[in-house]
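Peer 1: Pasting a structure below so you can have a look.
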Amino acid sequence: MNESESTVEAFKASILAKLRYAVGKDPENAFDHDWFEALALATRDHVVDRWEEASAQLARQDDKRVYYLSLEFLIGRLLVDNLSNLGLLDVARQAMAELNVELERIRQIEPDAALGNGGLGRLAACFMESMATLRLAAHGYGIRYEHGLFRQAIIDGWQAEQTETWLDFGNPWEFERPEVAYRVGFGGGVTSHVQEDGGISQSWQPQETVRAIAYDTPVVGWRGASVNTLRLWRARAEENLQLDRFNAGDHFGAVAGEVRAESISRVLYPADDTEAGQELRLRQEYFLVSASLQDLLERHLRLHGDLQNLPQQVAIQLNDTHPAIAVVELMRLLVDQHQIQWARAWELTVASTAYTNHTLLPEALESWPVALMERLLPRHLQIIYLINAEHIDALRAKDIHDFRLLRAVSLIDEDNGRRVRMGNLAFLGAHSINGVSALHTRLMRDTVFRDLHRLYPQRVNNKTNGVTFRRWLFQVNPLLTHLLVDALGPEVLESPQTTLEKLQPQAEQVAFRDEYALCRRRNKEALAQLVQRQSGLLLDTEAIFDVQIKRIHEYKRQLLNLLHTVALYQAIRNDPTTDWVPRVKIFAGKAAASYRQAKLIIKLANDISRTINGDPTVRGLLKVVFIPNYNVSLAETIIPAADLSEQISTAGLEASGTSNMKFALNGALTIGTLDGANVEMCERVGEENLFIFGMTAQQVAARQRLGLEMGDVVADSERLEAALGAIRAGVFSPDDPARYVGLVDALLYDDRFMVCADFEAYWAAQRQVDKRWQTPNDWWRSAVLNTARMGWFSSDRTISEYARDIWQVPVPARDKG
Ligand code: 26Q
């Protein structure tokens, strides 16, 4: 028996042992789920072995630790991720095959860990994987939501939200740590004490406390380079509280208290903007922050015994303002609990904390009513007032008295019923404030943080997002990965960042382009099968697969894509003899449950889909499909099957985008605006290999100043007028002809997102797409060059930049063995 055979044998034995002793089944009676569990547990043993080694090594090295605080981690599935990063995927597949079980089927059993809404949450997951790969001593902190992002059902074309229950069958990847528990307080009041030295100290007596219990998930880096920990907190009621009440006969009260406490980690907020400043959300934010800071300070004191060197040993990264109350909590812990002088505590806090901004939309910037903050976190509000007073005093001392400026940079918004501005708080309390693409960072300096940036010009910096190539290339696209290894050698798996560019000459080789196109064809067939299983619809894999998958938002302009779809439909009907290029328009995405316009856009997509797919005069040249329940796993099937990637947000509004990178890496051509990271993709991939159209951020701003009435624009475009007219008249909604009158009129009279203004440019760019498709040599040359030139968009590069510029931690040299 050779080495690999014995590895397979051992793995098989381990799976069977897990099946028998952990699952309690024998192979004859095992269901798919039992096999999944046995395989996951067998895999987990290997993970844990590496985890132990890595933790021991971290403890020895005593490196500075990075703490990534995020309300969201959009992880998806872990089985293949772990197997693949441990180099055990083929072993596992073989072992399962010898047990007569198909890995491809079993892997689908695993529910997605959907503890996030979209890009920000997925970025946190990519970062965790890259930090483990780069062997940084990094910990993720988040909330173990019992229910992740809702499941989307499409009922009669409308989105319906259904509860997501990822933990129903248990979670093989997590380790409950009941011994790692902290108390988190809420409410109550603050009392002052005169200390021995005559100083005054404050202490907070919360009215209510909740326990945070740790659940640890190991995060495996590539080749098991390191295994880090994602620590998620679960809220539990204080045990004695329940019992006391219960014994006093207050049975309902006992349960109500428990429900109240535990509701904190019950469900992820299913919105990717802030609209509702709800108490429960603030409780979640503080719960995460307080438990995590207590935990990291305890670790720091255990390892170093002194808080004065905190910034040398600890870097805290805030994923947007959601955990920004950390600035205040750290001050409270240092000053009230560890008796550090206020000024010194502030130095330590600022030097330890950094903040990443992910949005510019002023209405999406988090702020909390002062009254709510006072009721829930009275001591924190005091500290906020103190920070603010010192901040404003410091400006006055610098002879800055401009009333407008002072109001703009204040932590308190006095214009909207007194609110605490979390963006300003995070800015003041952090030594680094970063945007997520070059354009976004520039706009941050010019708009939302204009005044603060002038006061602290060193703080704002850019860290363009990236994605992990392990998941978003190697795992999702094994065919292309195989081809890349054939062409470039196994080095491409170790250092895709530097190796992929060596693919460029292959773009000129017909034989290579053919093989490359064949991989795409196979991936399209897989997607077509999925669509057929789900909806019965047959897709033509010869057609351009034209894909827009992301949260539904007006600024992302799914409506622009739908208008193009309708215009194309009308053009085909009007001129059936032209040699139209066959297209499949693929949409997927969830709308926030309370976002009415977004939900109407989903209905419109489904109405258009039904009408066009059912119209025989189109002869299958155009198909439209809305795939329900978009999530990480669905993205993993769709992205490698895409020919065209739609990245068409109103310029200036998409901070970065990350699916744009995943598509391009897998060789889809982008049709997009000069927004977010598209700008940098265009620079690196070469403008001749994408389709850029539409107004720039600057032009958008100028156009908006002219007003949002689009009568002239529409009158100038027959195509647009006809498309809007058909939708407005109920052509796609005969059951309710007036359904879209409001939606169309909003585009005509109040087109905030420049859908009409960009329509003609978009149409023209789409015709360029058709033209390129009809010259396969050109299309596939561009596709290969996209893959070859996307290396820079690896999250390994992004994390290396955070490590160097923000965290000041060394990235250990890679040992390649
Ligand atoms: C805040 C308060 C209350 C309730 C919800 C929220 C909330 C939750 C999630 C606000 C925003 C989000 C998510 C934002 C997000 O995903 N932003 C995206 O981040 C990506 C990673 O940087 C970028 O690529 C995208 O451009 C950006 O839209």
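Each chain in the structure tokens gets a letter, A, B, ..., in the order shown, and its residues are numbered from 1; ligands are numbered from 1 in order too.
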Could you pull out the residues sitting within 6 Å of ligand 1, using only C-alpha atoms and all ligand atoms, and write them as a PyMOL selection string?
Peer 2: chain A and resi 117-120+123+269+271-274+358+436+654-658
Peer 1: Can I get the selected residues back with all heavy atoms, as a compact mmCIF listing (two decimals), in the first residue's frame?
Peer 2:
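Dumped everything to selection_20.txt:
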# COMPACT_ATOMS: atom_id res chain seq x y z
N ASN A 117 -25.17 39.74 6.00
CA ASN A 117 -26.12 40.20 4.99
C ASN A 117 -25.55 40.15 3.58
O ASN A 117 -26.28 39.89 2.64
CB ASN A 117 -26.51 41.66 5.28
CG ASN A 117 -27.65 41.75 6.27
OD1 ASN A 117 -28.79 41.46 5.92
ND2 ASN A 117 -27.35 42.13 7.49
N GLY A 118 -24.27 40.48 3.45
CA GLY A 118 -23.73 40.62 2.10
C GLY A 118 -22.24 40.88 2.15
O GLY A 118 -21.52 40.22 2.91
N GLY A 119 -21.80 41.85 1.36
CA GLY A 119 -20.37 42.08 1.14
C GLY A 119 -19.54 42.26 2.40
O GLY A 119 -18.45 41.68 2.51
N LEU A 120 -20.05 43.03 3.34
CA LEU A 120 -19.27 43.30 4.55
C LEU A 120 -19.05 42.03 5.36
O LEU A 120 -17.95 41.79 5.88
CB LEU A 120 -20.00 44.38 5.36
CG LEU A 120 -19.66 44.67 6.80
CD1 LEU A 120 -19.94 46.14 7.10
CD2 LEU A 120 -20.51 43.81 7.73
N LEU A 123 -16.66 39.71 3.39
CA LEU A 123 -15.29 40.21 3.49
C LEU A 123 -14.65 39.74 4.79
O LEU A 123 -13.49 39.31 4.80
CB LEU A 123 -15.28 41.74 3.42
CG LEU A 123 -13.90 42.38 3.39
CD1 LEU A 123 -13.26 42.20 2.01
CD2 LEU A 123 -13.96 43.86 3.75
N TYR A 269 -29.73 40.94 12.23
CA TYR A 269 -30.54 42.01 11.61
C TYR A 269 -30.47 41.88 10.11
O TYR A 269 -29.39 41.95 9.51
CB TYR A 269 -30.06 43.39 12.07
CG TYR A 269 -30.94 43.93 13.16
CD1 TYR A 269 -30.81 43.47 14.46
CD2 TYR A 269 -31.96 44.83 12.87
CE1 TYR A 269 -31.65 43.92 15.46
CE2 TYR A 269 -32.81 45.29 13.87
CZ TYR A 269 -32.65 44.83 15.16
OH TYR A 269 -33.50 45.26 16.13
N ALA A 271 -30.94 43.63 7.56
CA ALA A 271 -30.90 44.83 6.73
C ALA A 271 -29.45 45.20 6.51
O ALA A 271 -28.63 45.05 7.41
CB ALA A 271 -31.62 45.98 7.41
N ASP A 272 -29.11 45.68 5.32
CA ASP A 272 -27.74 46.11 5.10
C ASP A 272 -27.68 47.63 5.01
O ASP A 272 -26.86 48.21 4.33
CB ASP A 272 -27.11 45.42 3.89
CG ASP A 272 -27.85 45.67 2.62
OD1 ASP A 272 -28.94 46.27 2.68
OD2 ASP A 272 -27.35 45.28 1.56
N ASP A 273 -28.59 48.28 5.68
CA ASP A 273 -28.48 49.71 5.95
C ASP A 273 -29.07 49.92 7.34
O ASP A 273 -29.51 48.98 7.97
CB ASP A 273 -29.22 50.53 4.90
CG ASP A 273 -30.61 49.97 4.68
OD1 ASP A 273 -31.32 49.75 5.67
OD2 ASP A 273 -30.97 49.75 3.52
N THR A 274 -29.10 51.14 7.81
CA THR A 274 -29.40 51.32 9.23
C THR A 274 -30.85 51.67 9.53
O THR A 274 -31.25 51.59 10.68
CB THR A 274 -28.53 52.41 9.85
OG1 THR A 274 -28.85 53.64 9.21
CG2 THR A 274 -27.07 52.10 9.67
N HIS A 358 -17.53 51.27 5.26
CA HIS A 358 -18.01 50.54 4.07
C HIS A 358 -19.12 51.26 3.32
O HIS A 358 -19.71 50.67 2.41
CB HIS A 358 -18.53 49.15 4.45
CG HIS A 358 -17.52 48.23 5.05
ND1 HIS A 358 -16.82 47.30 4.32
CD2 HIS A 358 -17.09 48.10 6.32
CE1 HIS A 358 -16.00 46.62 5.12
NE2 HIS A 358 -16.15 47.10 6.35
N VAL A 436 -12.50 51.13 1.39
CA VAL A 436 -12.33 49.79 0.85
C VAL A 436 -12.07 49.75 -0.66
O VAL A 436 -12.03 48.69 -1.26
CB VAL A 436 -13.54 48.90 1.22
CG1 VAL A 436 -13.52 48.60 2.72
CG2 VAL A 436 -14.87 49.54 0.83
N GLU A 654 -21.24 52.56 -4.68
CA GLU A 654 -20.80 51.23 -4.23
C GLU A 654 -19.39 51.38 -3.68
O GLU A 654 -18.46 51.69 -4.42
CB GLU A 654 -20.81 50.25 -5.40
CG GLU A 654 -20.55 48.79 -5.02
CD GLU A 654 -21.70 48.17 -4.24
OE1 GLU A 654 -21.72 48.32 -3.00
OE2 GLU A 654 -22.60 47.57 -4.87
N ALA A 655 -19.23 51.13 -2.38
CA ALA A 655 -17.93 51.41 -1.76
C ALA A 655 -16.82 50.63 -2.48
O ALA A 655 -15.77 51.19 -2.81
CB ALA A 655 -17.96 51.05 -0.28
N SER A 656 -17.03 49.36 -2.71
CA SER A 656 -16.02 48.57 -3.40
C SER A 656 -16.67 47.55 -4.33
O SER A 656 -16.46 47.54 -5.53
CB SER A 656 -15.14 47.85 -2.38
OG SER A 656 -14.42 46.81 -3.00
N GLY A 657 -17.50 46.69 -3.73
CA GLY A 657 -17.93 45.49 -4.43
C GLY A 657 -16.85 44.44 -4.22
O GLY A 657 -15.66 44.76 -4.11
N THR A 658 -17.25 43.20 -4.10
CA THR A 658 -16.29 42.10 -4.02
C THR A 658 -16.68 40.98 -4.97
O THR A 658 -15.82 40.23 -5.43
CB THR A 658 -16.17 41.55 -2.58
OG1 THR A 658 -17.48 41.44 -2.02
CG2 THR A 658 -15.33 42.47 -1.72
Peer 1: What's around stretch 761-768 of chain A at 8 Å? Count only C-alpha atoms, leave out sequence neighbours fewer than 6 positions away in its own chain, and write the answer as number ranges by chain.
Peer 2: A: 564, 671, 691-694
Peer 1: Would you export the selected residues with N, CA, C and O atoms as a compact mmCIF listing (two decimals), in the first residue's frame, please?
Peer 2:
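Output (out-v5.txt):
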# COMPACT_ATOMS: atom_id res chain seq x y z
N HIS A 564 -32.94 47.22 -19.57
CA HIS A 564 -32.24 46.69 -20.74
C HIS A 564 -32.89 45.40 -21.22
O HIS A 564 -33.05 45.18 -22.42
N ILE A 671 -19.37 44.18 -17.18
CA ILE A 671 -19.98 45.40 -17.69
C ILE A 671 -20.24 46.24 -16.46
O ILE A 671 -20.92 45.80 -15.53
N PHE A 691 -16.23 46.24 -20.07
CA PHE A 691 -17.12 47.16 -20.76
C PHE A 691 -17.54 48.23 -19.75
O PHE A 691 -18.41 48.01 -18.92
N ILE A 692 -16.86 49.36 -19.80
CA ILE A 692 -17.14 50.45 -18.87
C ILE A 692 -18.10 51.43 -19.56
O ILE A 692 -17.94 51.74 -20.74
N PHE A 693 -19.09 51.87 -18.81
CA PHE A 693 -20.05 52.80 -19.40
C PHE A 693 -20.52 53.78 -18.32
O PHE A 693 -20.29 53.57 -17.14
N GLY A 694 -21.21 54.80 -18.76
CA GLY A 694 -21.98 55.63 -17.85
C GLY A 694 -21.21 56.77 -17.22
O GLY A 694 -20.02 56.97 -17.45
Peer 1: Which one is closest to A:Ala788: A:Asp546, A:Leu484, A:Ala702, A:Leu604? Count only C-alpha atoms.
Peer 2: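 Of A:Asp546, A:Leu484, A:Ala702, A:Leu604, the one nearest A:Ala788, counting only C-alpha atoms, is A:Leu484.
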Peer 1: Considering only C-alpha atoms, return as a ChimeraX atom specification whatever protein or nucleic-acid residues lie within 8 Å of A:Asn319, sequence-local ones (same chain, fewer than 3 positions apart) excluded.
Peer 2: /A:68-71,120,124,322-323,355-357
Peer 1: Check which residues of stretch 282-394 of chain A sit at most 10 Å from stretch 213-222 of chain A using only C-alpha atoms, and return one row each with the closest pair of atoms and their distance in Å to one decimal, ordered by chain and rising number, as a tab-separated table.
Peer 2:
residue	atom	partner	partner_atom	distance
A:Ala291	CA	A:Ile213	CA	8.7
A:Ser292	CA	A:Ala214	CA	9.5
A:Asp295	CA	A:Ala214	CA	9.7
Peer 1: For C-alpha atoms, I'd like the residues from the last selection saved as a PDB file, in the first residue's frame.
Peer 2:
ATOM      1  CA  ALA A 291     -17.683  40.356  25.803  1.00  0.00           C
ATOM      2  CA  SER A 292     -14.887  40.615  23.236  1.00  0.00           C
ATOM      3  CA  ASP A 295     -11.920  38.547  26.737  1.00  0.00           C
TER       4      ASP A 295
END
Peer 1: Under the rule that only C-alpha atoms are counted, which of A:Asp45, A:Glu179, A:Asp63, A:Glu285 is the nearest residue to A:Tyr141?
Peer 2: A:Glu285
Peer 1: At a cut-off of 10 Å, using only C-alpha atoms, what residues contact A:Thr670? Leave out same-chain residues fewer than 2 positions from it and give the result as a ChimeraX atom specification.
Peer 2: /A:546-547,643-648,660-661,663-664,667-668,672-673,678,681-682,689-692,769,783,786
Peer 1: I'd like the neighbourhood of A:Ser609 as a list in words, where a residue qualifies if any of its atoms comes within 7 Å (using only C-alpha atoms), though same-chain residues fewer than 3 positions away should be ignored.
Peer 2: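 Here the answer would be Ala605, Asn606, Ile612, Asn613, Val624 and Val625 of chain A.
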Peer 1: Can you pull out every residue from stretch 366-592 of chain A that DSSP, working from the backbone, puts in alpha helix (DSSP H), and format the result as number ranges by chain?
Peer 2: A: 370-376, 378-397, 403-409, 422-428, 438-446, 450-455, 469, 478-488, 491-494, 496-499, 510-535, 558-574
Peer 1: So which residues touch A:Val713 within 10 Å, counting only C-alpha atoms, skipping near sequence neighbours fewer than 2 positions away, as a PyMOL selection string?
Peer 2: chain A and resi 709-711+715-718+720-721+748+756-760
Peer 1: Any chance you could export the current selection's C-alpha atoms as a short mmCIF file (atom, residue, chain, number, x, y, z; two decimals), in the first residue's frame?
Peer 2:
data_model
loop_
_atom_site.label_atom_id
_atom_site.label_comp_id
_atom_site.auth_asym_id
_atom_site.auth_seq_id
_atom_site.Cartn_x
_atom_site.Cartn_y
_atom_site.Cartn_z
CA GLU A 709 -36.46 65.07 -13.47
CA MET A 710 -35.68 62.91 -16.49
CA GLY A 711 -38.35 63.95 -18.99
CA ALA A 715 -37.87 61.77 -24.69
CA ASP A 716 -34.46 61.44 -26.32
CA SER A 717 -34.45 57.67 -26.16
CA GLU A 718 -37.20 55.83 -27.98
CA LEU A 720 -36.14 53.75 -22.98
CA GLU A 721 -39.49 55.40 -23.49
CA LEU A 748 -39.24 59.77 -14.61
CA CYS A 756 -32.61 56.88 -17.03
CA ALA A 757 -29.57 59.10 -17.38
CA ASP A 758 -27.27 56.09 -17.86
CA PHE A 759 -29.62 53.97 -19.94
CA GLU A 760 -28.41 54.78 -23.46
#
Peer 1: Find the distance between atom CA of A:Thr349 and atom CA of A:Val210 and write it in Å to one decimal.
Peer 2: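 Atom CA of A:Val210 lies at a distance of 25.0 Å from atom CA of A:Thr349.
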Peer 1: So how many Å separate atom CA of A:Ala528 and atom CA of A:Arg772, to one decimal?
Peer 2: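 Answer for the atom CA of A:Ala528 to atom CA of A:Arg772 separation: 22.9 Å.
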